[in-house]
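Colleague: Okay, so here is final.pdb, and as you'll see once you scroll down, it has PDB, C-alpha atoms, pLDDT in the B column.
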ATOM      1  CA  GLU U   1       0.000   0.000   0.000  1.00 49.00           C
ATOM      2  CA  GLY U   2       2.816   2.412  -0.634  1.00 53.00           C
ATOM      3  CA  GLY U   3       5.551   1.042   1.613  1.00 57.00           C
ATOM      4  CA  ASP U   4       8.263   2.970   3.361  1.00 63.00           C
ATOM      5  CA  ALA U   5       8.634   6.443   1.835  1.00 64.00           C
ATOM      6  CA  THR U   6      12.444   6.251   1.657  1.00 71.00           C
ATOM      7  CA  ALA U   7      12.350   2.924  -0.185  1.00 76.00           C
ATOM      8  CA  VAL U   8       9.610   4.122  -2.553  1.00 72.00           C
ATOM      9  CA  VAL U   9      11.504   7.319  -3.423  1.00 74.00           C
ATOM     10  CA  ALA U  10      14.706   5.357  -4.069  1.00 78.00           C
ATOM     11  CA  ALA U  11      12.874   2.826  -6.260  1.00 77.00           C
ATOM     12  CA  VAL U  12      10.982   5.358  -8.372  1.00 78.00           C
ATOM     13  CA  ASP U  13      14.056   7.557  -8.808  1.00 80.00           C
ATOM     14  CA  TYR U  14      16.083   4.500  -9.924  1.00 80.00           C
ATOM     15  CA  ALA U  15      13.355   3.478 -12.395  1.00 76.00           C
ATOM     16  CA  HIS U  16      13.219   7.011 -13.814  1.00 78.00           C
ATOM     17  CA  SER U  17      17.010   7.057 -14.153  1.00 80.00           C
ATOM     18  CA  THR U  18      16.972   3.715 -15.996  1.00 74.00           C
ATOM     19  CA  LEU U  19      14.383   4.943 -18.483  1.00 74.00           C
ATOM     20  CA  THR U  20      16.067   8.306 -19.127  1.00 80.00           C
ATOM     21  CA  ASN U  21      19.787   7.400 -18.963  1.00 82.00           C
ATOM     22  CA  GLN U  22      21.617   8.993 -21.922  1.00 84.00           C
ATOM     23  CA  GLY U  23      24.194   6.200 -22.377  1.00 81.00           C
ATOM     24  CA  ASN U  24      24.206   3.507 -25.059  1.00 75.00           C
ATOM     25  CA  ASN U  25      22.980   0.822 -22.639  1.00 74.00           C
ATOM     26  CA  SER U  26      19.622   2.481 -22.078  1.00 77.00           C
ATOM     27  CA  TRP U  27      16.132   2.783 -23.546  1.00 76.00           C
ATOM     28  CA  LEU U  28      17.040   6.217 -24.947  1.00 80.00           C
ATOM     29  CA  GLY U  29      20.165   4.656 -26.460  1.00 80.00           C
ATOM     30  CA  MET U  30      17.915   2.262 -28.394  1.00 80.00           C
ATOM     31  CA  ILE U  31      15.845   5.159 -29.704  1.00 80.00           C
ATOM     32  CA  ARG U  32      19.052   6.909 -30.786  1.00 83.00           C
ATOM     33  CA  GLN U  33      19.860   3.778 -32.840  1.00 82.00           C
ATOM     34  CA  ASN U  34      16.509   4.135 -34.671  1.00 80.00           C
ATOM     35  CA  ALA U  35      14.797   1.273 -32.877  1.00 78.00           C
ATOM     36  CA  THR U  36      11.004   1.374 -32.983  1.00 74.00           C
ATOM     37  CA  MET U  37      10.714  -1.409 -30.385  1.00 74.00           C
ATOM     38  CA  THR U  38      13.053  -2.758 -27.728  1.00 75.00           C
ATOM     39  CA  MET U  39      16.057  -4.480 -29.227  1.00 76.00           C
ATOM     40  CA  GLU U  40      17.519  -7.890 -28.400  1.00 74.00           C
ATOM     41  CA  SER U  41      20.649  -6.240 -26.986  1.00 73.00           C
ATOM     42  CA  TRP U  42      21.321  -2.689 -25.865  1.00 71.00           C
ATOM     43  CA  THR U  43      23.452  -1.814 -28.862  1.00 71.00           C
ATOM     44  CA  GLN U  44      23.797  -2.765 -32.509  1.00 69.00           C
ATOM     45  CA  PRO U  45      26.792  -2.352 -34.826  1.00 70.00           C
ATOM     46  CA  PRO U  46      28.127   0.197 -35.712  1.00 69.00           C
ATOM     47  CA  PHE U  47      27.409   1.707 -32.263  1.00 66.00           C
ATOM     48  CA  GLU U  48      29.298  -1.110 -30.553  1.00 67.00           C
ATOM     49  CA  PRO U  49      30.850  -4.095 -32.358  1.00 67.00           C
ATOM     50  CA  GLU U  50      29.834  -6.524 -29.581  1.00 67.00           C
ATOM     51  CA  GLY U  51      26.150  -5.675 -29.962  1.00 64.00           C
ATOM     52  CA  GLY U  52      23.813  -7.599 -32.151  1.00 68.00           C
ATOM     53  CA  GLY U  53      20.536  -9.398 -32.471  1.00 71.00           C
ATOM     54  CA  THR U  54      17.292  -8.013 -33.747  1.00 69.00           C
ATOM     55  CA  PHE U  55      15.725  -4.557 -33.591  1.00 68.00           C
ATOM     56  CA  SER U  56      12.350  -6.087 -32.720  1.00 68.00           C
ATOM     57  CA  HIS U  57      12.387  -8.181 -29.594  1.00 66.00           C
ATOM     58  CA  PRO U  58       9.124  -7.778 -27.678  1.00 63.00           C
ATOM     59  CA  TRP U  59      10.059 -10.030 -24.765  1.00 57.00           C
ATOM     60  CA  THR U  60      12.455  -7.304 -23.593  1.00 58.00           C
ATOM     61  CA  ALA U  61       9.735  -4.641 -23.672  1.00 65.00           C
ATOM     62  CA  ALA U  62       9.727  -4.043 -19.909  1.00 67.00           C
ATOM     63  CA  PRO U  63       8.973  -0.286 -20.203  1.00 69.00           C
ATOM     64  CA  ALA U  64       5.762  -1.063 -22.091  1.00 74.00           C
ATOM     65  CA  TRP U  65       4.594  -2.953 -18.994  1.00 78.00           C
ATOM     66  CA  ILE U  66       6.306  -0.946 -16.224  1.00 78.00           C
ATOM     67  CA  ILE U  67       5.230   2.549 -17.323  1.00 83.00           C
ATOM     68  CA  PRO U  68       1.427   2.005 -17.297  1.00 89.00           C
ATOM     69  CA  ARG U  69       1.308  -0.330 -14.270  1.00 89.00           C
ATOM     70  CA  PHE U  70       3.909   1.191 -11.980  1.00 86.00           C
ATOM     71  CA  LEU U  71       5.042   4.663 -13.050  1.00 88.00           C
ATOM     72  CA  MET U  72       1.461   5.699 -13.895  1.00 94.00           C
ATOM     73  CA  GLY U  73      -0.004   3.124 -11.486  1.00 94.00           C
ATOM     74  CA  VAL U  74      -2.969   2.036 -13.645  1.00 97.00           C
ATOM     75  CA  ARG U  75      -3.716  -1.651 -13.144  1.00 95.00           C
ATOM     76  CA  PRO U  76      -6.687  -3.944 -12.470  1.00 96.00           C
ATOM     77  CA  LEU U  77      -7.751  -4.820  -8.941  1.00 97.00           C
ATOM     78  CA  GLN U  78     -10.612  -7.094 -10.050  1.00 96.00           C
ATOM     79  CA  ASP U  79     -11.130  -9.343 -13.042  1.00 95.00           C
ATOM     80  CA  GLY U  80     -12.220  -7.581 -16.198  1.00 95.00           C
ATOM     81  CA  TRP U  81     -10.975  -4.211 -14.920  1.00 96.00           C
ATOM     82  CA  ARG U  82     -14.219  -3.826 -12.937  1.00 97.00           C
ATOM     83  CA  ARG U  83     -12.207  -2.119 -10.180  1.00 98.00           C
ATOM     84  CA  VAL U  84      -8.817  -0.551 -10.861  1.00 98.00           C
ATOM     85  CA  ALA U  85      -5.942   1.047  -9.004  1.00 97.00           C
ATOM     86  CA  ILE U  86      -4.657   4.443 -10.026  1.00 98.00           C
ATOM     87  CA  ARG U  87      -1.472   5.008  -8.019  1.00 96.00           C
ATOM     88  CA  PRO U  88       1.054   7.141  -9.926  1.00 96.00           C
ATOM     89  CA  LEU U  89       4.624   6.820  -8.604  1.00 92.00           C
ATOM     90  CA  PRO U  90       6.703   9.532 -10.287  1.00 92.00           C
ATOM     91  CA  GLY U  91      10.349  10.041  -9.428  1.00 87.00           C
ATOM     92  CA  ARG U  92      11.386  13.418  -8.083  1.00 86.00           C
ATOM     93  CA  GLN U  93      12.693  14.430 -11.536  1.00 88.00           C
ATOM     94  CA  LEU U  94       9.386  13.811 -13.347  1.00 91.00           C
ATOM     95  CA  SER U  95       7.078  16.816 -13.173  1.00 94.00           C
ATOM     96  CA  ARG U  96       4.312  15.755 -15.562  1.00 96.00           C
ATOM     97  CA  ALA U  97       3.086  12.776 -17.528  1.00 96.00           C
ATOM     98  CA  ALA U  98      -0.035  11.485 -19.258  1.00 97.00           C
ATOM     99  CA  ILE U  99      -1.269   8.076 -20.384  1.00 96.00           C
ATOM    100  CA  LYS U 100      -4.302   6.435 -21.947  1.00 96.00           C
ATOM    101  CA  VAL U 101      -4.750   2.770 -20.982  1.00 96.00           C
ATOM    102  CA  PRO U 102      -7.262   0.846 -23.116  1.00 95.00           C
ATOM    103  CA  THR U 103      -9.341  -1.780 -21.300  1.00 95.00           C
ATOM    104  CA  GLN U 104     -12.310  -3.887 -22.369  1.00 94.00           C
ATOM    105  CA  ARG U 105     -14.529  -1.485 -20.355  1.00 95.00           C
ATOM    106  CA  GLY U 106     -13.171   1.648 -22.041  1.00 97.00           C
ATOM    107  CA  SER U 107     -10.019   3.713 -21.762  1.00 97.00           C
ATOM    108  CA  ILE U 108      -8.633   4.953 -18.466  1.00 98.00           C
ATOM    109  CA  GLU U 109      -6.849   8.274 -18.845  1.00 98.00           C
ATOM    110  CA  LEU U 110      -4.481   9.862 -16.354  1.00 98.00           C
ATOM    111  CA  ALA U 111      -2.469  13.065 -16.582  1.00 98.00           C
ATOM    112  CA  PHE U 112      -0.598  14.578 -13.665  1.00 98.00           C
ATOM    113  CA  ASP U 113       1.386  17.694 -12.880  1.00 98.00           C
ATOM    114  CA  VAL U 114       3.704  17.967  -9.874  1.00 97.00           C
ATOM    115  CA  GLN U 115       3.843  21.476  -8.436  1.00 95.00           C
ATOM    116  CA  PRO U 116       5.975  22.778  -5.530  1.00 93.00           C
ATOM    117  CA  LYS U 117       3.206  22.218  -2.967  1.00 95.00           C
ATOM    118  CA  ALA U 118       0.633  20.180  -4.876  1.00 97.00           C
ATOM    119  CA  PHE U 119       0.002  17.153  -7.043  1.00 98.00           C
ATOM    120  CA  ALA U 120      -2.763  17.695  -9.612  1.00 98.00           C
ATOM    121  CA  ALA U 121      -4.263  14.896 -11.706  1.00 98.00           C
ATOM    122  CA  THR U 122      -7.018  14.596 -14.254  1.00 98.00           C
ATOM    123  CA  ILE U 123      -8.500  11.129 -14.409  1.00 98.00           C
ATOM    124  CA  THR U 124     -11.045   9.644 -16.804  1.00 98.00           C
ATOM    125  CA  ILE U 125     -12.668   6.396 -15.687  1.00 98.00           C
ATOM    126  CA  PRO U 126     -15.057   4.344 -17.871  1.00 97.00           C
ATOM    127  CA  GLY U 127     -18.696   4.482 -16.749  1.00 93.00           C
ATOM    128  CA  ASN U 128     -18.775   0.864 -15.599  1.00 93.00           C
ATOM    129  CA  THR U 129     -15.564   0.967 -13.555  1.00 97.00           C
ATOM    130  CA  PHE U 130     -14.506   2.055 -10.060  1.00 98.00           C
ATOM    131  CA  ALA U 131     -11.023   3.298  -9.153  1.00 98.00           C
ATOM    132  CA  GLU U 132      -9.041   3.282  -5.961  1.00 98.00           C
ATOM    133  CA  VAL U 133      -6.950   6.446  -6.246  1.00 98.00           C
ATOM    134  CA  CYS U 134      -3.734   6.985  -4.285  1.00 98.00           C
ATOM    135  CA  LEU U 135      -1.414   9.966  -4.705  1.00 97.00           C
ATOM    136  CA  PRO U 136       2.365  10.211  -4.154  1.00 95.00           C
ATOM    137  CA  LEU U 137       2.563  11.675  -0.661  1.00 94.00           C
ATOM    138  CA  TYR U 138       6.299  10.841  -0.604  1.00 92.00           C
ATOM    139  CA  LEU U 139       6.929  13.820  -2.909  1.00 93.00           C
ATOM    140  CA  PHE U 140       5.951  16.138  -0.037  1.00 93.00           C
ATOM    141  CA  ALA U 141       7.591  14.394   2.927  1.00 83.00           C
ATOM    142  CA  GLY U 142       6.735  15.935   6.267  1.00 78.00           C
ATOM    143  CA  SER U 143       3.909  18.075   4.900  1.00 85.00           C
ATOM    144  CA  ALA U 144       0.292  18.020   5.946  1.00 93.00           C
ATOM    145  CA  CYS U 145      -1.827  17.416   2.846  1.00 96.00           C
ATOM    146  CA  THR U 146      -5.489  17.623   1.901  1.00 97.00           C
ATOM    147  CA  VAL U 147      -7.189  16.144  -1.138  1.00 98.00           C
ATOM    148  CA  GLN U 148      -9.891  17.655  -3.335  1.00 98.00           C
ATOM    149  CA  VAL U 149     -11.954  16.070  -6.082  1.00 98.00           C
ATOM    150  CA  GLY U 150     -13.632  18.573  -8.364  1.00 98.00           C
ATOM    151  CA  GLY U 151     -12.738  21.391  -5.958  1.00 97.00           C
ATOM    152  CA  THR U 152     -14.418  19.736  -2.948  1.00 98.00           C
ATOM    153  CA  GLU U 153     -12.314  18.385  -0.096  1.00 98.00           C
ATOM    154  CA  VAL U 154     -12.701  14.625   0.343  1.00 98.00           C
ATOM    155  CA  GLY U 155     -11.546  12.101   2.913  1.00 98.00           C
ATOM    156  CA  ALA U 156      -8.115  10.647   2.306  1.00 98.00           C
ATOM    157  CA  SER U 157      -5.821   8.524   4.448  1.00 96.00           C
ATOM    158  CA  LYS U 158      -2.085   8.021   4.528  1.00 94.00           C
ATOM    159  CA  LYS U 159      -1.082   4.501   3.485  1.00 92.00           C
ATOM    160  CA  GLY U 160       2.673   4.178   3.668  1.00 89.00           C
ATOM    161  CA  ALA U 161       4.152   6.638   1.193  1.00 90.00           C
ATOM    162  CA  LEU U 162       0.784   7.333  -0.462  1.00 94.00           C
ATOM    163  CA  MET U 163      -2.337   9.369   0.280  1.00 96.00           C
ATOM    164  CA  CYS U 164      -5.395   7.336  -0.739  1.00 97.00           C
ATOM    165  CA  LEU U 165      -8.933   8.576  -1.207  1.00 98.00           C
ATOM    166  CA  ASP U 166     -11.236   6.993   1.360  1.00 98.00           C
ATOM    167  CA  GLU U 167     -13.837   6.227  -1.328  1.00 98.00           C
ATOM    168  CA  ASP U 168     -13.425   4.901  -4.868  1.00 98.00           C
ATOM    169  CA  LEU U 169     -14.087   7.185  -7.807  1.00 98.00           C
ATOM    170  CA  GLY U 170     -16.749   6.088 -10.266  1.00 98.00           C
ATOM    171  CA  GLY U 171     -16.969   6.600 -14.006  1.00 97.00           C
ATOM    172  CA  GLY U 172     -16.428  10.054 -15.452  1.00 98.00           C
ATOM    173  CA  ASP U 173     -13.868  12.839 -15.583  1.00 98.00           C
ATOM    174  CA  HIS U 174     -12.281  13.837 -12.285  1.00 98.00           C
ATOM    175  CA  ALA U 175      -9.929  16.650 -11.265  1.00 98.00           C
ATOM    176  CA  VAL U 176      -7.994  15.420  -8.220  1.00 98.00           C
ATOM    177  CA  ARG U 177      -5.637  17.695  -6.312  1.00 98.00           C
ATOM    178  CA  MET U 178      -3.479  17.027  -3.258  1.00 98.00           C
ATOM    179  CA  ALA U 179      -2.356  20.294  -1.677  1.00 97.00           C
ATOM    180  CA  CYS U 180       0.437  20.141   0.874  1.00 96.00           C
ATOM    181  CA  GLY U 181       1.424  22.802   3.385  1.00 87.00           C
ATOM    182  CA  GLY U 182       4.609  23.463   5.288  1.00 57.00           C
ATOM    183  CA  LYS U 183       6.547  20.987   7.364  1.00 49.00           C
TER
END
For the structure just supplied, provide its representation as C-alpha cells.
Modeller:
Amino acid sequence: EGGDATAVVAAVDYAHSTLTNQGNNSWLGMIRQNATMTMESWTQPPFEPEGGGTFSHPWTAAPAWIIPRFLMGVRPLQDGWRRVAIRPLPGRQLSRAAIKVPTQRGSIELAFDVQPKAFAATITIPGNTFAEVCLPLYLFAGSACTVQVGGTEVGASKKGALMCLDEDLGGGDHAVRMACGGK
C-alpha cells in the first residue's frame, strides 16, 4: 500500500534514471539507434561491435509494462478491470506525464502535474468501472496534505508513502488535487 517512503523514493528515482539514462545501454540509447521497439541487446553495430541481435524483440519490452502499471499506477484490482488502481509513482525528476490505458470497459486516462506544494491529476474512468486512487505523498515528505476532487475536499488517508482517497471514484472525468502545506 505504498511502503516505506524512503524505499519508494529510491525505487521510483532508480526506475526514472533507468528509463532516461543517456548512455548507449539504455532505452534512450535504443531510440538513438533508430529502434522502434526494444532491441535484443542494448546496442547494434556500428554503435558497438559486440552488440547484435534483432531490432524487434518484444520479450524485452519491460517499459511497455512498467510505465502504465507502476510509473502511472494504472492496473486492475478485479477481473475484467471492474475495479482498478490508479497510483502514480513519479520520481522526483518527473514533473508531468499522461497516459491512456485501453481496457475492455473503455479507456482509463491519467495526466498529472507535480507542483511545488501540490500534485494535480485529471482522471477519466469508464462508466462501468470504479477506481481506488492513491497519490504520491512521498513527494511532499513531512507536509500536511489535503485532497480535493472537483474542488471539494474529500476524505483521504495516509497509506505508507501514499495518500489514498477513502472512497473509490466512479466513471467520469475527475480533477484530483493534493495540496500540501509546510513541514
Colleague: I'd like the neighbourhood of stretch 113-123 of chain U as a CSV table (one decimal) with C-alpha atoms, in the frame of the given file, where a residue qualifies if any of its atoms comes within 10 Å (using only C-alpha atoms), though same-chain residues fewer than 5 positions away should be ignored.
Modeller:
chain,number,residue,atom,x,y,z
U,86,ILE,CA,-4.7,4.4,-10.0
U,88,PRO,CA,1.1,7.1,-9.9
U,90,PRO,CA,6.7,9.5,-10.3
U,92,ARG,CA,11.4,13.4,-8.1
U,93,GLN,CA,12.7,14.4,-11.5
U,94,LEU,CA,9.4,13.8,-13.3
U,95,SER,CA,7.1,16.8,-13.2
U,96,ARG,CA,4.3,15.8,-15.6
U,97,ALA,CA,3.1,12.8,-17.5
U,98,ALA,CA,0.0,11.5,-19.3
U,99,ILE,CA,-1.3,8.1,-20.4
U,100,LYS,CA,-4.3,6.4,-21.9
U,108,ILE,CA,-8.6,5.0,-18.5
U,131,ALA,CA,-11.0,3.3,-9.2
U,133,VAL,CA,-7.0,6.4,-6.2
U,135,LEU,CA,-1.4,10.0,-4.7
U,136,PRO,CA,2.4,10.2,-4.2
U,137,LEU,CA,2.6,11.7,-0.7
U,139,LEU,CA,6.9,13.8,-2.9
U,140,PHE,CA,6.0,16.1,0.0
U,143,SER,CA,3.9,18.1,4.9
U,145,CYS,CA,-1.8,17.4,2.8
U,146,THR,CA,-5.5,17.6,1.9
U,147,VAL,CA,-7.2,16.1,-1.1
U,148,GLN,CA,-9.9,17.7,-3.3
U,149,VAL,CA,-12.0,16.1,-6.1
U,150,GLY,CA,-13.6,18.6,-8.4
U,169,LEU,CA,-14.1,7.2,-7.8
U,171,GLY,CA,-17.0,6.6,-14.0
U,172,GLY,CA,-16.4,10.1,-15.5
U,173,ASP,CA,-13.9,12.8,-15.6
U,174,HIS,CA,-12.3,13.8,-12.3
U,175,ALA,CA,-9.9,16.6,-11.3
U,176,VAL,CA,-8.0,15.4,-8.2
U,177,ARG,CA,-5.6,17.7,-6.3
U,178,MET,CA,-3.5,17.0,-3.3
U,179,ALA,CA,-2.4,20.3,-1.7
U,180,CYS,CA,0.4,20.1,0.9
U,181,GLY,CA,1.4,22.8,3.4
U,182,GLY,CA,4.6,23.5,5.3
Colleague: Since I can't run it myself right now, could you work out what the PyMOL selection byres ((chain U and resi 164) around 10) selects here and report it as a tab-separated table (two decimals) with C-alpha atoms, keeping the file's coordinate frame?
Modeller:
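Below is the file that was written, out_3.tsv:
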chain	number	residue	atom	x	y	z
U	1	GLU	CA	0.00	0.00	0.00
U	2	GLY	CA	2.82	2.41	-0.63
U	86	ILE	CA	-4.66	4.44	-10.03
U	87	ARG	CA	-1.47	5.01	-8.02
U	132	GLU	CA	-9.04	3.28	-5.96
U	133	VAL	CA	-6.95	6.45	-6.25
U	134	CYS	CA	-3.73	6.98	-4.28
U	135	LEU	CA	-1.41	9.97	-4.70
U	136	PRO	CA	2.37	10.21	-4.15
U	137	LEU	CA	2.56	11.68	-0.66
U	147	VAL	CA	-7.19	16.14	-1.14
U	155	GLY	CA	-11.55	12.10	2.91
U	156	ALA	CA	-8.12	10.65	2.31
U	157	SER	CA	-5.82	8.52	4.45
U	158	LYS	CA	-2.08	8.02	4.53
U	159	LYS	CA	-1.08	4.50	3.48
U	160	GLY	CA	2.67	4.18	3.67
U	161	ALA	CA	4.15	6.64	1.19
U	162	LEU	CA	0.78	7.33	-0.46
U	163	MET	CA	-2.34	9.37	0.28
U	165	LEU	CA	-8.93	8.58	-1.21
U	166	ASP	CA	-11.24	6.99	1.36
U	167	GLU	CA	-13.84	6.23	-1.33
U	168	ASP	CA	-13.42	4.90	-4.87
Colleague: Between atom CA of U:Thr124 and atom CA of U:Leu110, measure the distance and give it in Å to one decimal.
Modeller: 6.6 Å
Colleague: Please compute the atom CA of U:Arg75-atom CA of U:Ser17 distance, one decimal, in Å.
Modeller: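 Calculated distance between atom CA of U:Arg75 and atom CA of U:Ser17 is 22.5 Å.
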Colleague: Give as a list in words the residues that the PyMOL selection byres ((chain U and resi 14) around 12) matches when applied to the coordinates above.
Modeller: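 The output of the PyMOL selection byres ((chain U and resi 14) around 12) on this file is Ala7, Val8, Val9, Ala10, Ala11, Val12, Asp13, Ala15, His16, Ser17, Thr18, Leu19, Thr20, Asn21, Leu71, Leu89, Pro90, Gly91, Arg92, Gln93 and Leu94 of chain U.
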Colleague: Excluding U:Leu28 and its own-chain neighbours fewer than 4 positions away, which residues fall within 12 Å of it when counting only C-alpha atoms? Please give them as a CSV table (one decimal) with C-alpha atoms, in the coordinates of the input.
Modeller:
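Output saved as around25.csv:
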chain,number,residue,atom,x,y,z
U,16,HIS,CA,13.2,7.0,-13.8
U,17,SER,CA,17.0,7.1,-14.2
U,18,THR,CA,17.0,3.7,-16.0
U,19,LEU,CA,14.4,4.9,-18.5
U,20,THR,CA,16.1,8.3,-19.1
U,21,ASN,CA,19.8,7.4,-19.0
U,22,GLN,CA,21.6,9.0,-21.9
U,23,GLY,CA,24.2,6.2,-22.4
U,24,ASN,CA,24.2,3.5,-25.1
U,32,ARG,CA,19.1,6.9,-30.8
U,33,GLN,CA,19.9,3.8,-32.8
U,34,ASN,CA,16.5,4.1,-34.7
U,35,ALA,CA,14.8,1.3,-32.9
U,36,THR,CA,11.0,1.4,-33.0
U,37,MET,CA,10.7,-1.4,-30.4
U,38,THR,CA,13.1,-2.8,-27.7
U,39,MET,CA,16.1,-4.5,-29.2
U,42,TRP,CA,21.3,-2.7,-25.9
U,43,THR,CA,23.5,-1.8,-28.9
U,63,PRO,CA,9.0,-0.3,-20.2
Colleague: Since the input is missing atoms for stretch 87-104 of chain U, could you rebuild it with N, CA, C and O atoms and give the result as a PDB file, in the coordinates of the input?
Modeller:
ATOM      1  N   ARG U  87      -2.463   4.648  -9.036  1.00 96.00           N
ATOM      2  CA  ARG U  87      -1.472   5.008  -8.019  1.00 96.00           C
ATOM      3  C   ARG U  87      -0.188   5.477  -8.699  1.00 96.00           C
ATOM      4  O   ARG U  87       0.799   4.751  -8.737  1.00 96.00           O
ATOM      5  N   PRO U  88      -0.163   6.679  -9.253  1.00 96.00           N
ATOM      6  CA  PRO U  88       1.054   7.141  -9.926  1.00 96.00           C
ATOM      7  C   PRO U  88       2.226   7.232  -8.947  1.00 96.00           C
ATOM      8  O   PRO U  88       2.051   7.656  -7.803  1.00 96.00           O
ATOM      9  N   LEU U  89       3.405   6.806  -9.424  1.00 92.00           N
ATOM     10  CA  LEU U  89       4.624   6.820  -8.604  1.00 92.00           C
ATOM     11  C   LEU U  89       5.757   7.525  -9.356  1.00 92.00           C
ATOM     12  O   LEU U  89       6.737   6.894  -9.754  1.00 92.00           O
ATOM     13  N   PRO U  90       5.636   8.839  -9.553  1.00 92.00           N
ATOM     14  CA  PRO U  90       6.703   9.532 -10.287  1.00 92.00           C
ATOM     15  C   PRO U  90       7.952   9.709  -9.440  1.00 92.00           C
ATOM     16  O   PRO U  90       7.875   9.855  -8.213  1.00 92.00           O
ATOM     17  N   GLY U  91       9.106   9.679 -10.098  1.00 87.00           N
ATOM     18  CA  GLY U  91      10.349  10.041  -9.428  1.00 87.00           C
ATOM     19  C   GLY U  91      10.373  11.541  -9.206  1.00 87.00           C
ATOM     20  O   GLY U  91       9.562  12.287  -9.763  1.00 87.00           O
ATOM     21  N   ARG U  92      11.321  11.985  -8.404  1.00 86.00           N
ATOM     22  CA  ARG U  92      11.386  13.418  -8.083  1.00 86.00           C
ATOM     23  C   ARG U  92      11.764  14.277  -9.287  1.00 86.00           C
ATOM     24  O   ARG U  92      11.554  15.482  -9.271  1.00 86.00           O
ATOM     25  N   GLN U  93      12.294  13.674 -10.351  1.00 88.00           N
ATOM     26  CA  GLN U  93      12.693  14.430 -11.536  1.00 88.00           C
ATOM     27  C   GLN U  93      11.574  14.520 -12.583  1.00 88.00           C
ATOM     28  O   GLN U  93      11.728  15.215 -13.577  1.00 88.00           O
ATOM     29  N   LEU U  94      10.482  13.826 -12.371  1.00 91.00           N
ATOM     30  CA  LEU U  94       9.386  13.811 -13.347  1.00 91.00           C
ATOM     31  C   LEU U  94       8.282  14.747 -12.865  1.00 91.00           C
ATOM     32  O   LEU U  94       7.645  14.501 -11.843  1.00 91.00           O
ATOM     33  N   SER U  95       8.050  15.814 -13.620  1.00 94.00           N
ATOM     34  CA  SER U  95       7.078  16.816 -13.173  1.00 94.00           C
ATOM     35  C   SER U  95       5.708  16.675 -13.813  1.00 94.00           C
ATOM     36  O   SER U  95       4.730  17.198 -13.295  1.00 94.00           O
ATOM     37  N   ARG U  96       5.625  15.952 -14.940  1.00 96.00           N
ATOM     38  CA  ARG U  96       4.312  15.755 -15.562  1.00 96.00           C
ATOM     39  C   ARG U  96       4.366  14.551 -16.487  1.00 96.00           C
ATOM     40  O   ARG U  96       5.406  14.218 -17.039  1.00 96.00           O
ATOM     41  N   ALA U  97       3.208  13.923 -16.623  1.00 96.00           N
ATOM     42  CA  ALA U  97       3.086  12.776 -17.528  1.00 96.00           C
ATOM     43  C   ALA U  97       1.611  12.552 -17.813  1.00 96.00           C
ATOM     44  O   ALA U  97       0.734  13.025 -17.079  1.00 96.00           O
ATOM     45  N   ALA U  98       1.344  11.825 -18.894  1.00 97.00           N
ATOM     46  CA  ALA U  98      -0.035  11.485 -19.258  1.00 97.00           C
ATOM     47  C   ALA U  98      -0.034  10.117 -19.932  1.00 97.00           C
ATOM     48  O   ALA U  98       0.945   9.738 -20.578  1.00 97.00           O
ATOM     49  N   ILE U  99      -1.143   9.398 -19.774  1.00 96.00           N
ATOM     50  CA  ILE U  99      -1.269   8.076 -20.384  1.00 96.00           C
ATOM     51  C   ILE U  99      -2.743   7.778 -20.639  1.00 96.00           C
ATOM     52  O   ILE U  99      -3.622   8.294 -19.955  1.00 96.00           O
ATOM     53  N   LYS U 100      -2.967   6.954 -21.643  1.00 96.00           N
ATOM     54  CA  LYS U 100      -4.302   6.435 -21.947  1.00 96.00           C
ATOM     55  C   LYS U 100      -4.156   4.918 -21.993  1.00 96.00           C
ATOM     56  O   LYS U 100      -3.411   4.383 -22.820  1.00 96.00           O
ATOM     57  N   VAL U 101      -4.852   4.224 -21.087  1.00 96.00           N
ATOM     58  CA  VAL U 101      -4.750   2.770 -20.982  1.00 96.00           C
ATOM     59  C   VAL U 101      -6.061   2.154 -21.471  1.00 96.00           C
ATOM     60  O   VAL U 101      -7.096   2.294 -20.822  1.00 96.00           O
ATOM     61  N   PRO U 102      -6.030   1.482 -22.623  1.00 95.00           N
ATOM     62  CA  PRO U 102      -7.262   0.846 -23.116  1.00 95.00           C
ATOM     63  C   PRO U 102      -7.590  -0.409 -22.302  1.00 95.00           C
ATOM     64  O   PRO U 102      -6.699  -1.181 -21.948  1.00 95.00           O
ATOM     65  N   THR U 103      -8.858  -0.565 -21.962  1.00 95.00           N
ATOM     66  CA  THR U 103      -9.341  -1.780 -21.300  1.00 95.00           C
ATOM     67  C   THR U 103     -10.607  -2.216 -22.021  1.00 95.00           C
ATOM     68  O   THR U 103     -11.176  -1.454 -22.813  1.00 95.00           O
ATOM     69  N   GLN U 104     -11.081  -3.424 -21.732  1.00 94.00           N
ATOM     70  CA  GLN U 104     -12.310  -3.887 -22.369  1.00 94.00           C
ATOM     71  C   GLN U 104     -13.534  -3.097 -21.900  1.00 94.00           C
ATOM     72  O   GLN U 104     -14.585  -3.165 -22.516  1.00 94.00           O
TER      73      GLN U 104
END
